Amino acid sequence: MSVVKILKNECWEDVCTLADLVPNSGICALVSGQQVAIFYLPQEETSVYALHNRDPIGQADVISRGILGSIGDELVVASPLYKQHFKLSSGVCLEQPEHTLQSYKTRVIDSCVQVLVSS
Amino acid sequence: MNEQKIVVVGNGMVGHHYVETLAKSGVSANICVIGGEPRPAYDRVHLSEYFAGRKPEELALTTREHYQEIGVDAHFGDPVAKIDRKAKAVITDGGRRFKYDKLVLATGSYPFVPPIPGSDSKGCLTYRTIDDLGMIKAQAKKAKVGVVVGGGLLGLEAANALKLLGMETHVVEFAPGLMGVQLDDGGSTMLRRKIEALGVRVHTGKATQNIKAGTDTRLLMEFADGESLATDMIVFSAGIRPSDQIARDAGLELGGRGGIVVDYHCRTSDSDIFAIGECALFGGMIYGLVAPGYRMAEAAASQLSEDKLAFQGSDMSTKLKLLGVDVGSIGDAHGKTEKAINFVFSDERDEVYKRLVVTADGKNLLGAVLIGDCSDYDSLLQYYLNEIELPASPENLILPESAGGIPALGAAALPATATICSCLNVSKGAIIEAIEGGCCSLGEVKTSTAAASGCGGCAALLKNVVEDEMASRGLEVDTSICEHFSYTRQELFHMIKVEAIKSFAELLEKHGKGHGCDICKPAVASILASLWNDYILEEKHVGLQDTNDTFLANMQKNGTYSVVPRIAGGEITPDKLIVLGEVAKKYQLYTKITGGQRIDLFGARLEQLPDIWGELISAGFETGHAYGKSLRTVKSCVGSTWCRYGQQDSVAMALYVENRYKGLRSPHKLKSAVSGCTRECAEAQSKDFGIIATETGWNLYVCGNGGMRPRHADLFATDLDDETLIKYIDRFLMFYIRTADRLQRTSVWLDNLEGGMDYLKEVVIQDKLQIARELEQQMNDVVGTYQCEWRTTIEDADKLKRFRTFVNSGESDSNIVFVQERGQPRPASESETIEILAKTA
Ligand code: SRM
Ligand SMILES: Cc1cc2nc3c(=O)[nH]c(=O)nc-3n(C[C@H](O)[C@H](O)[C@H](O)COP(=O)(O)OP(=O)(O)OC[C@H]3O[C@@H](n4cnc5c(N)ncnc54)[C@H](O)[C@@H]3O)c2cc1C
Ligand code: SF4
Ligand code: FES
């Protein structure tokens, strides 16, 4: 169903509309068969962030259901299982930096939320 | 090495402390205890609480099992009759012989009954042991009038007991005033005034000459002045005498008026025999308090080790509540020291009396008397014990602030040697050491030093010292909730309430920084819910909640959720049981009876939750709030409806309580239980608030906890009618919600509450802060706006959108895999998952 647009070798996948997102919280989408957590912070300059949904520590697909916040200057999501914090920008885990969630570029075009799957 | 055989005679408070001290010291010794009473040591200091409903077991300081565990050979109910010093053995009444290398006499004292004709009549009792209290209670059933002979400290405690038993109570004292030992005339007069206002009749300067049978009452007391007093019961509390008979018979040196003479090491005239506690005479004195006894026990025990301590006498200052009246006495209360200067403040309207006795140069405190207001006691005691120089105008220490009074001595002014907790002998230095050793909260310091675990009188001072110490080392007692708000939960609660703040964003903008986090967001969500009780999935609150609150279900290890419908009081109809079974079968859920008397259905996928709840709600179920920081279950026992011992309908009460408080948001989860009688099958004493039926109503217990650090609940109020019970619970819960820190169960909250249980009672029962009505009102508002969150959710299509696993697909999470075990599903392990996924791929 989703439309794959190829532009300058970049492959952006349509995921949903802005209205499907939940302000200051996350939802999960299937992007090219992968579970991707998408977070929406309407007040921020970059308002949509995307990270892989699987918690590498708790071993379950639940990152999208974590609480958003900030630690120092970093925007983070806290895993709902054991509460480690992952940076929204890079997916790096603050408590256990050996764990990093894959992060994805996002953009919003005419209310359509897109995730970059490969370039 | 050959183990020394230590025999301890007497298992009172001091004898027990000796055993514990020796057992912990690492000295290898073979300890044998011979206690004259039928039960192991108990807390005599709090004996009177028996009349407020505390049971003998709850007064126990130890158990037979505990002694067994630490290798102590203990025998009870067969007192020692004789010491055979030559053979180094003791012989009991029952004829048993125990050999010793070292003997420790801790036989305490017994109440003195004056040799008045008739003082052995039925109805004449004493007040020292649990058995004594049992007798008083039994005889009180047939008694209307009770007299206590003796107006000292223990006499007044006994008077309180008679009053609690509903008797017309009299105190007869030979001396001209009450508590002549500890109080000066002014203090004694004020105390009398206060006690008489409570309905206790005080007769001073009265010598009883004869006790005979009465006409309308059981007994008639005749006094030297020709007057008489009719009564049904007489409790003698005319002083104590050391239990020194066996020492006397064995030829040990005694004092002129009794008491086994001991030296600095608590050795008697036989160097293999020690005496400690109230049977010992040191420097011509019997110390009738527990703290000096403990110091003696420690000194005596240390003589068996390298590190020998000396007993050097002890301070006899006391702070008490007698018949609810605060009484404090420090040092030279009578101002007998030569050239002492006195300062006296007396306020007959508020019935407060304070006296300071100061050295001639005005620099040091010699003594003090406080009646009606003991708030300065801790400070004054520290001035006295540590010889801290007094301010230029010492009178300001006892004047009300409006008249130039100055605030109490700060913790910082105390030297490291200052004793903060005298029961457990914890100095300020020891507290500092504990903090240096890594303790960083009041609770941790308490656990590590045992301070404040005795009489509890030092709790407020301890808190000051800990906070001051932490602050002084820049350890800033950081009470801020997280980096986004430099406030405590309680402060946030007040700000939100006073400024009528309705959302997290508003609060953050006004008082915080950054974006918030998983600490402050749920805490604020809980406060907003406690105060305004909005539906928690309002858009503005959604991002604040833990996943458990967002999806109204607890997340399990594999990302699925559990479903826990409310089964109030644990009562459920067969039809509803069938519905649970059918739903579990249809959605292939694992079912289990929980520890909270309900049924948990595990393994629901996010997208299944609305359907499952839809079916449950249409069958009449509602949410059980197993996910929220809110009321969990109110367990019940079957109660008077079925049980042959039931006193009240505990199930009906549990249902009422659970339905009243369901949905109430609080700093941590809340649990309760209602038992139908003292057999306590519902385990109410392990709950945040527990209710136990009595013959005439309900006893309320509060601040219990199971879990990681179990704590027995404290008895809070007795024999309440339904209405008063609910009123107290309303106030208690709201006060907790208002003042507790985040994730602080009621037990931990109480540990950190200045003033402890007494203060809590003052606030909730006596309404000291005048907020009871407000607390009740607030509770009524919350109760009135309850909604089942699951019902609200499934009725709102918009809300349901959140329960899709994927925003852009109807699929479910293929990484969730179950296997069957004992006829039910369970999450597959990692290796099982890989195997199964490989097969299906
Ligand atoms: C299901 C149940 C175990 C069972 O199979 O019986 C259970 C399950 C959990 N308990 Fe419990 N507790 C359950 C009864 C208890 C009891 C017994 C009781 O209530 O009589 C206790 C001890 C009593 C007490 O709380 O004082 C108990 C003490 C805890 C604690 C420790 C609390 C403490 O103050 O030390 C936690 C951890 C916490 O809350 O921080 C906890 C936390 C949990 C959590 C929420 C852990 C988690 O985050 O996943 C579990 C959630 C399971 C779920 O999804 O529902 N559970 N838990 C019981 C549910 C009762 C119910 O019907 O609601
Ligand atoms: C109602 C009440 C309130 C009190 N309040 C306070 C207070 O607020 N603060 C305070 O500091 N103190 C208080 N006290 C005093 C305190 O309880 C005592 O100082 C303390 O209990 C003394 O301990 P002990 O072990 O020396 O004696 P006890 O506790 O009297 O124990 C002695 C034990 O030895 C046993 N015994 C005696 N002879 C023999 C024998 N021959 N063989 C075997 N066993 C024997 C006795 O049966 C008894 O069990 C109070 C006392 C009472 C009664
Ligand atoms: S005891 Fe531990 S494992 Fe068992 S239910 Fe409670 S929290 Fe879970
Ligand atoms: S002074 Fe009694 S507990 Fe500390």
# chains A, B, ... in the order shown; residues from 1 in each chain; ligands from 1

$ residues_near_ligand --ligand "ligand 3" --cutoff "12 Å" --atoms "only C-alpha atoms and all ligand atoms" --output "MDAnalysis selection string"
chainID B and resid 554:557 562 592:596 600 602 626 706:708

$ write_last_selection --atoms "C-alpha atoms" --output "PDB file, in the first residue's frame"
ATOM      1  CA  ASN B 554       0.745  -3.889  32.811  1.00  0.00           C
ATOM      2  CA  MET B 555       3.387  -4.621  30.228  1.00  0.00           C
ATOM      3  CA  GLN B 556       4.941  -8.059  30.561  1.00  0.00           C
ATOM      4  CA  LYS B 557       8.457  -9.095  29.629  1.00  0.00           C
ATOM      5  CA  SER B 562      -1.992  -8.406  31.537  1.00  0.00           C
ATOM      6  CA  LYS B 592      -3.608 -17.135  37.394  1.00  0.00           C
ATOM      7  CA  ILE B 593      -5.092 -16.353  40.785  1.00  0.00           C
ATOM      8  CA  THR B 594      -3.083 -13.405  42.109  1.00  0.00           C
ATOM      9  CA  GLY B 595      -1.791 -12.729  45.586  1.00  0.00           C
ATOM     10  CA  GLY B 596      -4.445 -10.005  45.758  1.00  0.00           C
ATOM     11  CA  ASP B 600      -5.000 -12.048  36.170  1.00  0.00           C
ATOM     12  CA  PHE B 602      -1.751 -12.607  30.865  1.00  0.00           C
ATOM     13  CA  ALA B 626      -3.510  -3.134  38.432  1.00  0.00           C
ATOM     14  CA  GLY B 706       4.515  -6.563  52.424  1.00  0.00           C
ATOM     15  CA  GLY B 707       6.971  -6.595  49.564  1.00  0.00           C
ATOM     16  CA  MET B 708      10.643  -5.819  49.821  1.00  0.00           C
TER      17      MET B 708
END

$ residues_near_ligand --ligand "ligand 2" --cutoff "8 Å" --atoms "only C-alpha atoms and all ligand atoms" --output "ChimeraX atom specification"
/B:9-16,34-37,41-48,77-82,92,106-110,127-129,153-154,157-158,243-246,276-279,287-293,318-320,455

$ interface_residues --of "chain B" --to "chain A" --cutoff "6 Å" --atoms "only C-alpha atoms" --output "VMD selection string"
chain B and resid 515 to 518 543 547 558 to 559 806 to 808

$ select_by_dssp --residues "segment 12-235 of chain B" --states "helix (DSSP H, G or I)" --output "PDB file with N, CA and C atoms, in the first residue's frame"
ATOM      1  N   MET B  13      13.964  -6.381  79.892  1.00  0.00           N
ATOM      2  CA  MET B  13      14.529  -5.589  78.799  1.00  0.00           C
ATOM      3  C   MET B  13      16.052  -5.572  78.861  1.00  0.00           C
ATOM      4  N   VAL B  14      16.584  -5.447  80.072  1.00  0.00           N
ATOM      5  CA  VAL B  14      18.029  -5.302  80.202  1.00  0.00           C
ATOM      6  C   VAL B  14      18.734  -6.650  80.013  1.00  0.00           C
ATOM      7  N   GLY B  15      18.179  -7.702  80.602  1.00  0.00           N
ATOM      8  CA  GLY B  15      18.764  -9.027  80.419  1.00  0.00           C
ATOM      9  C   GLY B  15      18.811  -9.383  78.946  1.00  0.00           C
ATOM     10  N   HIS B  16      17.730  -9.064  78.241  1.00  0.00           N
ATOM     11  CA  HIS B  16      17.686  -9.366  76.809  1.00  0.00           C
ATOM     12  C   HIS B  16      18.735  -8.554  76.050  1.00  0.00           C
ATOM     13  N   HIS B  17      18.853  -7.280  76.422  1.00  0.00           N
ATOM     14  CA  HIS B  17      19.841  -6.438  75.734  1.00  0.00           C
ATOM     15  C   HIS B  17      21.248  -6.998  75.943  1.00  0.00           C
ATOM     16  N   TYR B  18      21.492  -7.524  77.129  1.00  0.00           N
ATOM     17  CA  TYR B  18      22.782  -8.138  77.404  1.00  0.00           C
ATOM     18  C   TYR B  18      23.034  -9.304  76.445  1.00  0.00           C
ATOM     19  N   VAL B  19      22.036 -10.168  76.314  1.00  0.00           N
ATOM     20  CA  VAL B  19      22.178 -11.339  75.444  1.00  0.00           C
ATOM     21  C   VAL B  19      22.473 -10.919  74.012  1.00  0.00           C
ATOM     22  N   GLU B  20      21.692  -9.938  73.529  1.00  0.00           N
ATOM     23  CA  GLU B  20      21.889  -9.481  72.142  1.00  0.00           C
ATOM     24  C   GLU B  20      23.276  -8.876  71.963  1.00  0.00           C
ATOM     25  N   THR B  21      23.674  -8.066  72.950  1.00  0.00           N
ATOM     26  CA  THR B  21      24.973  -7.399  72.847  1.00  0.00           C
ATOM     27  C   THR B  21      26.097  -8.427  72.827  1.00  0.00           C
ATOM     28  N   LEU B  22      26.002  -9.398  73.704  1.00  0.00           N
ATOM     29  CA  LEU B  22      27.050 -10.408  73.782  1.00  0.00           C
ATOM     30  C   LEU B  22      27.068 -11.267  72.517  1.00  0.00           C
ATOM     31  N   ALA B  23      25.876 -11.631  72.061  1.00  0.00           N
ATOM     32  CA  ALA B  23      25.795 -12.485  70.869  1.00  0.00           C
ATOM     33  C   ALA B  23      26.404 -11.777  69.666  1.00  0.00           C
ATOM     34  N   LYS B  24      26.184 -10.460  69.589  1.00  0.00           N
ATOM     35  CA  LYS B  24      26.711  -9.717  68.443  1.00  0.00           C
ATOM     36  C   LYS B  24      28.188  -9.402  68.576  1.00  0.00           C
ATOM     37  N   SER B  25      28.740  -9.467  69.793  1.00  0.00           N
ATOM     38  CA  SER B  25      30.099  -8.986  70.016  1.00  0.00           C
ATOM     39  C   SER B  25      31.162  -9.906  69.434  1.00  0.00           C
ATOM     40  N   LEU B  47       4.397  -0.959  77.710  1.00  0.00           N
ATOM     41  CA  LEU B  47       3.427  -1.886  78.263  1.00  0.00           C
ATOM     42  C   LEU B  47       1.995  -1.344  78.187  1.00  0.00           C
ATOM     43  N   SER B  48       1.863  -0.059  78.477  1.00  0.00           N
ATOM     44  CA  SER B  48       0.519   0.517  78.554  1.00  0.00           C
ATOM     45  C   SER B  48      -0.216   0.451  77.218  1.00  0.00           C
ATOM     46  N   GLU B  49       0.529   0.272  76.122  1.00  0.00           N
ATOM     47  CA  GLU B  49      -0.146   0.211  74.826  1.00  0.00           C
ATOM     48  C   GLU B  49      -1.020  -1.031  74.706  1.00  0.00           C
ATOM     49  N   TYR B  50      -0.801  -1.954  75.629  1.00  0.00           N
ATOM     50  CA  TYR B  50      -1.675  -3.127  75.699  1.00  0.00           C
ATOM     51  C   TYR B  50      -3.127  -2.691  75.796  1.00  0.00           C
ATOM     52  N   PHE B  51      -3.356  -1.613  76.525  1.00  0.00           N
ATOM     53  CA  PHE B  51      -4.733  -1.147  76.702  1.00  0.00           C
ATOM     54  C   PHE B  51      -5.247  -0.387  75.491  1.00  0.00           C
ATOM     55  N   ALA B  52      -4.342  -0.021  74.615  1.00  0.00           N
ATOM     56  CA  ALA B  52      -4.788   0.615  73.376  1.00  0.00           C
ATOM     57  C   ALA B  52      -4.921  -0.445  72.298  1.00  0.00           C
ATOM     58  N   PRO B  56       0.176  -8.857  73.260  1.00  0.00           N
ATOM     59  CA  PRO B  56       1.442  -9.280  73.857  1.00  0.00           C
ATOM     60  C   PRO B  56       2.501  -9.594  72.792  1.00  0.00           C
ATOM     61  N   GLU B  57       2.111 -10.284  71.714  1.00  0.00           N
ATOM     62  CA  GLU B  57       3.115 -10.648  70.696  1.00  0.00           C
ATOM     63  C   GLU B  57       3.761  -9.393  70.122  1.00  0.00           C
ATOM     64  N   GLU B  58       2.957  -8.322  70.063  1.00  0.00           N
ATOM     65  CA  GLU B  58       3.497  -7.124  69.431  1.00  0.00           C
ATOM     66  C   GLU B  58       4.450  -6.376  70.350  1.00  0.00           C
ATOM     67  N   LEU B  59       4.389  -6.700  71.630  1.00  0.00           N
ATOM     68  CA  LEU B  59       5.320  -6.067  72.565  1.00  0.00           C
ATOM     69  C   LEU B  59       6.617  -6.863  72.660  1.00  0.00           C
ATOM     70  N   ARG B  64      11.359 -17.261  71.271  1.00  0.00           N
ATOM     71  CA  ARG B  64      12.127 -18.474  71.567  1.00  0.00           C
ATOM     72  C   ARG B  64      12.900 -18.922  70.329  1.00  0.00           C
ATOM     73  N   GLU B  65      12.261 -18.786  69.165  1.00  0.00           N
ATOM     74  CA  GLU B  65      12.901 -19.233  67.923  1.00  0.00           C
ATOM     75  C   GLU B  65      14.171 -18.423  67.663  1.00  0.00           C
ATOM     76  N   HIS B  66      14.051 -17.100  67.927  1.00  0.00           N
ATOM     77  CA  HIS B  66      15.214 -16.260  67.661  1.00  0.00           C
ATOM     78  C   HIS B  66      16.376 -16.656  68.564  1.00  0.00           C
ATOM     79  N   TYR B  67      16.086 -16.900  69.814  1.00  0.00           N
ATOM     80  CA  TYR B  67      17.162 -17.318  70.714  1.00  0.00           C
ATOM     81  C   TYR B  67      17.784 -18.613  70.207  1.00  0.00           C
ATOM     82  N   GLN B  68      16.918 -19.510  69.752  1.00  0.00           N
ATOM     83  CA  GLN B  68      17.420 -20.781  69.244  1.00  0.00           C
ATOM     84  C   GLN B  68      18.366 -20.546  68.068  1.00  0.00           C
ATOM     85  N   GLU B  69      17.912 -19.640  67.170  1.00  0.00           N
ATOM     86  CA  GLU B  69      18.714 -19.362  65.985  1.00  0.00           C
ATOM     87  C   GLU B  69      20.091 -18.826  66.340  1.00  0.00           C
ATOM     88  N   ILE B 130       3.008  -8.256  81.800  1.00  0.00           N
ATOM     89  CA  ILE B 130       1.874  -8.517  80.910  1.00  0.00           C
ATOM     90  C   ILE B 130       0.794  -9.268  81.673  1.00  0.00           C
ATOM     91  N   ASP B 131       1.213 -10.192  82.543  1.00  0.00           N
ATOM     92  CA  ASP B 131       0.223 -10.918  83.331  1.00  0.00           C
ATOM     93  C   ASP B 131      -0.558  -9.973  84.249  1.00  0.00           C
ATOM     94  N   ASP B 132       0.148  -8.981  84.843  1.00  0.00           N
ATOM     95  CA  ASP B 132      -0.543  -7.980  85.665  1.00  0.00           C
ATOM     96  C   ASP B 132      -1.643  -7.306  84.850  1.00  0.00           C
ATOM     97  N   LEU B 133      -1.297  -6.930  83.625  1.00  0.00           N
ATOM     98  CA  LEU B 133      -2.264  -6.198  82.816  1.00  0.00           C
ATOM     99  C   LEU B 133      -3.455  -7.078  82.474  1.00  0.00           C
ATOM    100  N   GLY B 134      -3.162  -8.349  82.243  1.00  0.00           N
ATOM    101  CA  GLY B 134      -4.245  -9.291  81.960  1.00  0.00           C
ATOM    102  C   GLY B 134      -5.230  -9.327  83.131  1.00  0.00           C
ATOM    103  N   MET B 135      -4.685  -9.328  84.344  1.00  0.00           N
ATOM    104  CA  MET B 135      -5.536  -9.359  85.541  1.00  0.00           C
ATOM    105  C   MET B 135      -6.357  -8.078  85.634  1.00  0.00           C
ATOM    106  N   ILE B 136      -5.695  -6.944  85.386  1.00  0.00           N
ATOM    107  CA  ILE B 136      -6.408  -5.668  85.478  1.00  0.00           C
ATOM    108  C   ILE B 136      -7.570  -5.668  84.487  1.00  0.00           C
ATOM    109  N   LYS B 137      -7.279  -6.123  83.272  1.00  0.00           N
ATOM    110  CA  LYS B 137      -8.306  -6.127  82.241  1.00  0.00           C
ATOM    111  C   LYS B 137      -9.466  -7.032  82.653  1.00  0.00           C
ATOM    112  N   ALA B 138      -9.124  -8.202  83.172  1.00  0.00           N
ATOM    113  CA  ALA B 138     -10.165  -9.150  83.546  1.00  0.00           C
ATOM    114  C   ALA B 138     -11.042  -8.574  84.667  1.00  0.00           C
ATOM    115  N   GLN B 139     -10.400  -7.992  85.673  1.00  0.00           N
ATOM    116  CA  GLN B 139     -11.182  -7.472  86.794  1.00  0.00           C
ATOM    117  C   GLN B 139     -11.940  -6.204  86.433  1.00  0.00           C
ATOM    118  N   ALA B 140     -11.436  -5.477  85.454  1.00  0.00           N
ATOM    119  CA  ALA B 140     -12.090  -4.225  85.072  1.00  0.00           C
ATOM    120  C   ALA B 140     -13.497  -4.478  84.561  1.00  0.00           C
ATOM    121  N   LEU B 153       5.441   8.534  88.005  1.00  0.00           N
ATOM    122  CA  LEU B 153       5.375   8.287  86.570  1.00  0.00           C
ATOM    123  C   LEU B 153       4.562   7.023  86.230  1.00  0.00           C
ATOM    124  N   LEU B 154       4.888   5.924  86.919  1.00  0.00           N
ATOM    125  CA  LEU B 154       4.196   4.682  86.591  1.00  0.00           C
ATOM    126  C   LEU B 154       2.749   4.716  87.061  1.00  0.00           C
ATOM    127  N   GLY B 155       2.501   5.398  88.179  1.00  0.00           N
ATOM    128  CA  GLY B 155       1.143   5.510  88.685  1.00  0.00           C
ATOM    129  C   GLY B 155       0.250   6.219  87.679  1.00  0.00           C
ATOM    130  N   LEU B 156       0.782   7.257  87.080  1.00  0.00           N
ATOM    131  CA  LEU B 156      -0.034   7.991  86.116  1.00  0.00           C
ATOM    132  C   LEU B 156      -0.270   7.165  84.856  1.00  0.00           C
ATOM    133  N   GLU B 157       0.706   6.350  84.503  1.00  0.00           N
ATOM    134  CA  GLU B 157       0.470   5.443  83.363  1.00  0.00           C
ATOM    135  C   GLU B 157      -0.640   4.461  83.694  1.00  0.00           C
ATOM    136  N   ALA B 158      -0.598   3.966  84.916  1.00  0.00           N
ATOM    137  CA  ALA B 158      -1.636   3.024  85.332  1.00  0.00           C
ATOM    138  C   ALA B 158      -3.003   3.710  85.331  1.00  0.00           C
ATOM    139  N   ALA B 159      -3.021   4.980  85.758  1.00  0.00           N
ATOM    140  CA  ALA B 159      -4.280   5.727  85.769  1.00  0.00           C
ATOM    141  C   ALA B 159      -4.837   5.838  84.356  1.00  0.00           C
ATOM    142  N   ASN B 160      -3.947   6.067  83.425  1.00  0.00           N
ATOM    143  CA  ASN B 160      -4.383   6.158  82.036  1.00  0.00           C
ATOM    144  C   ASN B 160      -5.032   4.849  81.594  1.00  0.00           C
ATOM    145  N   ALA B 161      -4.420   3.746  82.021  1.00  0.00           N
ATOM    146  CA  ALA B 161      -4.957   2.438  81.657  1.00  0.00           C
ATOM    147  C   ALA B 161      -6.367   2.278  82.215  1.00  0.00           C
ATOM    148  N   LEU B 162      -6.566   2.635  83.474  1.00  0.00           N
ATOM    149  CA  LEU B 162      -7.898   2.487  84.068  1.00  0.00           C
ATOM    150  C   LEU B 162      -8.905   3.353  83.319  1.00  0.00           C
ATOM    151  N   LYS B 163      -8.449   4.529  82.925  1.00  0.00           N
ATOM    152  CA  LYS B 163      -9.336   5.424  82.190  1.00  0.00           C
ATOM    153  C   LYS B 163      -9.726   4.798  80.845  1.00  0.00           C
ATOM    154  N   LEU B 164      -8.722   4.236  80.173  1.00  0.00           N
ATOM    155  CA  LEU B 164      -9.004   3.598  78.881  1.00  0.00           C
ATOM    156  C   LEU B 164      -9.975   2.433  79.050  1.00  0.00           C
ATOM    157  N   ASP B 185       7.436  21.997  92.266  1.00  0.00           N
ATOM    158  CA  ASP B 185       6.051  22.246  92.673  1.00  0.00           C
ATOM    159  C   ASP B 185       5.202  22.847  91.556  1.00  0.00           C
ATOM    160  N   GLY B 186       5.790  23.827  90.878  1.00  0.00           N
ATOM    161  CA  GLY B 186       5.035  24.503  89.813  1.00  0.00           C
ATOM    162  C   GLY B 186       4.622  23.518  88.735  1.00  0.00           C
ATOM    163  N   GLY B 187       5.567  22.674  88.347  1.00  0.00           N
ATOM    164  CA  GLY B 187       5.288  21.702  87.289  1.00  0.00           C
ATOM    165  C   GLY B 187       4.247  20.704  87.744  1.00  0.00           C
ATOM    166  N   SER B 188       4.404  20.292  88.995  1.00  0.00           N
ATOM    167  CA  SER B 188       3.503  19.311  89.557  1.00  0.00           C
ATOM    168  C   SER B 188       2.070  19.857  89.620  1.00  0.00           C
ATOM    169  N   THR B 189       1.951  21.129  89.989  1.00  0.00           N
ATOM    170  CA  THR B 189       0.626  21.749  90.067  1.00  0.00           C
ATOM    171  C   THR B 189      -0.023  21.840  88.680  1.00  0.00           C
ATOM    172  N   MET B 190       0.792  22.222  87.698  1.00  0.00           N
ATOM    173  CA  MET B 190       0.228  22.350  86.345  1.00  0.00           C
ATOM    174  C   MET B 190      -0.190  20.983  85.814  1.00  0.00           C
ATOM    175  N   LEU B 191       0.630  19.975  86.112  1.00  0.00           N
ATOM    176  CA  LEU B 191       0.303  18.629  85.650  1.00  0.00           C
ATOM    177  C   LEU B 191      -1.033  18.183  86.261  1.00  0.00           C
ATOM    178  N   ARG B 192      -1.193  18.456  87.550  1.00  0.00           N
ATOM    179  CA  ARG B 192      -2.425  18.071  88.233  1.00  0.00           C
ATOM    180  C   ARG B 192      -3.634  18.734  87.578  1.00  0.00           C
ATOM    181  N   ARG B 193      -3.485  20.005  87.294  1.00  0.00           N
ATOM    182  CA  ARG B 193      -4.558  20.766  86.676  1.00  0.00           C
ATOM    183  C   ARG B 193      -4.983  20.119  85.349  1.00  0.00           C
ATOM    184  N   LYS B 194      -3.975  19.757  84.574  1.00  0.00           N
ATOM    185  CA  LYS B 194      -4.274  19.182  83.264  1.00  0.00           C
ATOM    186  C   LYS B 194      -4.921  17.809  83.391  1.00  0.00           C
ATOM    187  N   ILE B 195      -4.417  17.049  84.340  1.00  0.00           N
ATOM    188  CA  ILE B 195      -4.932  15.692  84.489  1.00  0.00           C
ATOM    189  C   ILE B 195      -6.356  15.713  85.043  1.00  0.00           C
ATOM    190  N   GLU B 196      -6.600  16.639  85.944  1.00  0.00           N
ATOM    191  CA  GLU B 196      -7.960  16.735  86.471  1.00  0.00           C
ATOM    192  C   GLU B 196      -8.938  17.159  85.391  1.00  0.00           C
ATOM    193  N   ALA B 197      -8.448  18.006  84.479  1.00  0.00           N
ATOM    194  CA  ALA B 197      -9.317  18.431  83.375  1.00  0.00           C
ATOM    195  C   ALA B 197      -9.711  17.237  82.519  1.00  0.00           C
TER     196      ALA B 197
END

$ residues_around --residues "Val352 of chain B" --least-positions-apart "4" --cutoff "10 Å" --atoms "only C-alpha atoms" --output "VMD selection string"
chain B and resid 187 190 to 191 194 326 345 to 348 370 to 374

$ closest_residue --among "B:Ala684, B:Met296, B:Ile432, B:Val583" --to "ligand 1" --atoms "only C-alpha atoms and all ligand atoms"
B:Ala684

$ residues_near_ligand --ligand "ligand 4" --cutoff "9 Å" --atoms "only C-alpha atoms and all ligand atoms" --output "MDAnalysis selection string"
chainID B and resid 291 419:426 450:459 462

$ select_by_dssp --residues "chain A" --states "strand (DSSP E)" --output "PyMOL selection string"
chain A and resi 4-7+10-17+25-31+34-40+48-52+54-55+60-61+67-71+74-78+85-87+103-104+106-109+112-118

$ atom_distance --atom1 "atom CA of Glu762 of chain B" --atom2 "atom CA of Ala740 of chain B"
17.2 Å

$ residues_around --residues "Gln114 of chain A" --least-positions-apart "5" --cutoff "7 Å" --atoms "only C-alpha atoms" --output "list in words"
Trp12, Glu13, Asp14, Val15, Thr106, Arg107 and Val108 of chain A

$ write_last_selection --atoms "N, CA and C atoms" --output "mmCIF file, in the first residue's frame"
data_model
loop_
_atom_site.group_PDB
_atom_site.id
_atom_site.type_symbol
_atom_site.label_atom_id
_atom_site.label_comp_id
_atom_site.auth_asym_id
_atom_site.auth_seq_id
_atom_site.Cartn_x
_atom_site.Cartn_y
_atom_site.Cartn_z
ATOM 1 N N TRP A 12 12.501 7.317 0.384
ATOM 2 C CA TRP A 12 11.628 7.744 1.481
ATOM 3 C C TRP A 12 10.335 6.960 1.420
ATOM 4 N N GLU A 13 9.933 6.430 2.528
ATOM 5 C CA GLU A 13 8.687 5.650 2.523
ATOM 6 C C GLU A 13 7.597 6.425 3.271
ATOM 7 N N ASP A 14 6.434 6.523 2.647
ATOM 8 C CA ASP A 14 5.275 7.151 3.321
ATOM 9 C C ASP A 14 4.833 6.247 4.469
ATOM 10 N N VAL A 15 4.660 6.820 5.637
ATOM 11 C CA VAL A 15 4.286 5.979 6.772
ATOM 12 C C VAL A 15 2.855 6.246 7.257
ATOM 13 N N THR A 106 13.689 11.368 9.121
ATOM 14 C CA THR A 106 12.258 11.534 8.851
ATOM 15 C C THR A 106 12.022 12.887 8.208
ATOM 16 N N ARG A 107 10.895 13.029 7.575
ATOM 17 C CA ARG A 107 10.480 14.357 7.122
ATOM 18 C C ARG A 107 8.974 14.356 6.957
ATOM 19 N N VAL A 108 8.404 15.576 6.958
ATOM 20 C CA VAL A 108 6.959 15.685 6.814
ATOM 21 C C VAL A 108 6.676 16.488 5.566
#
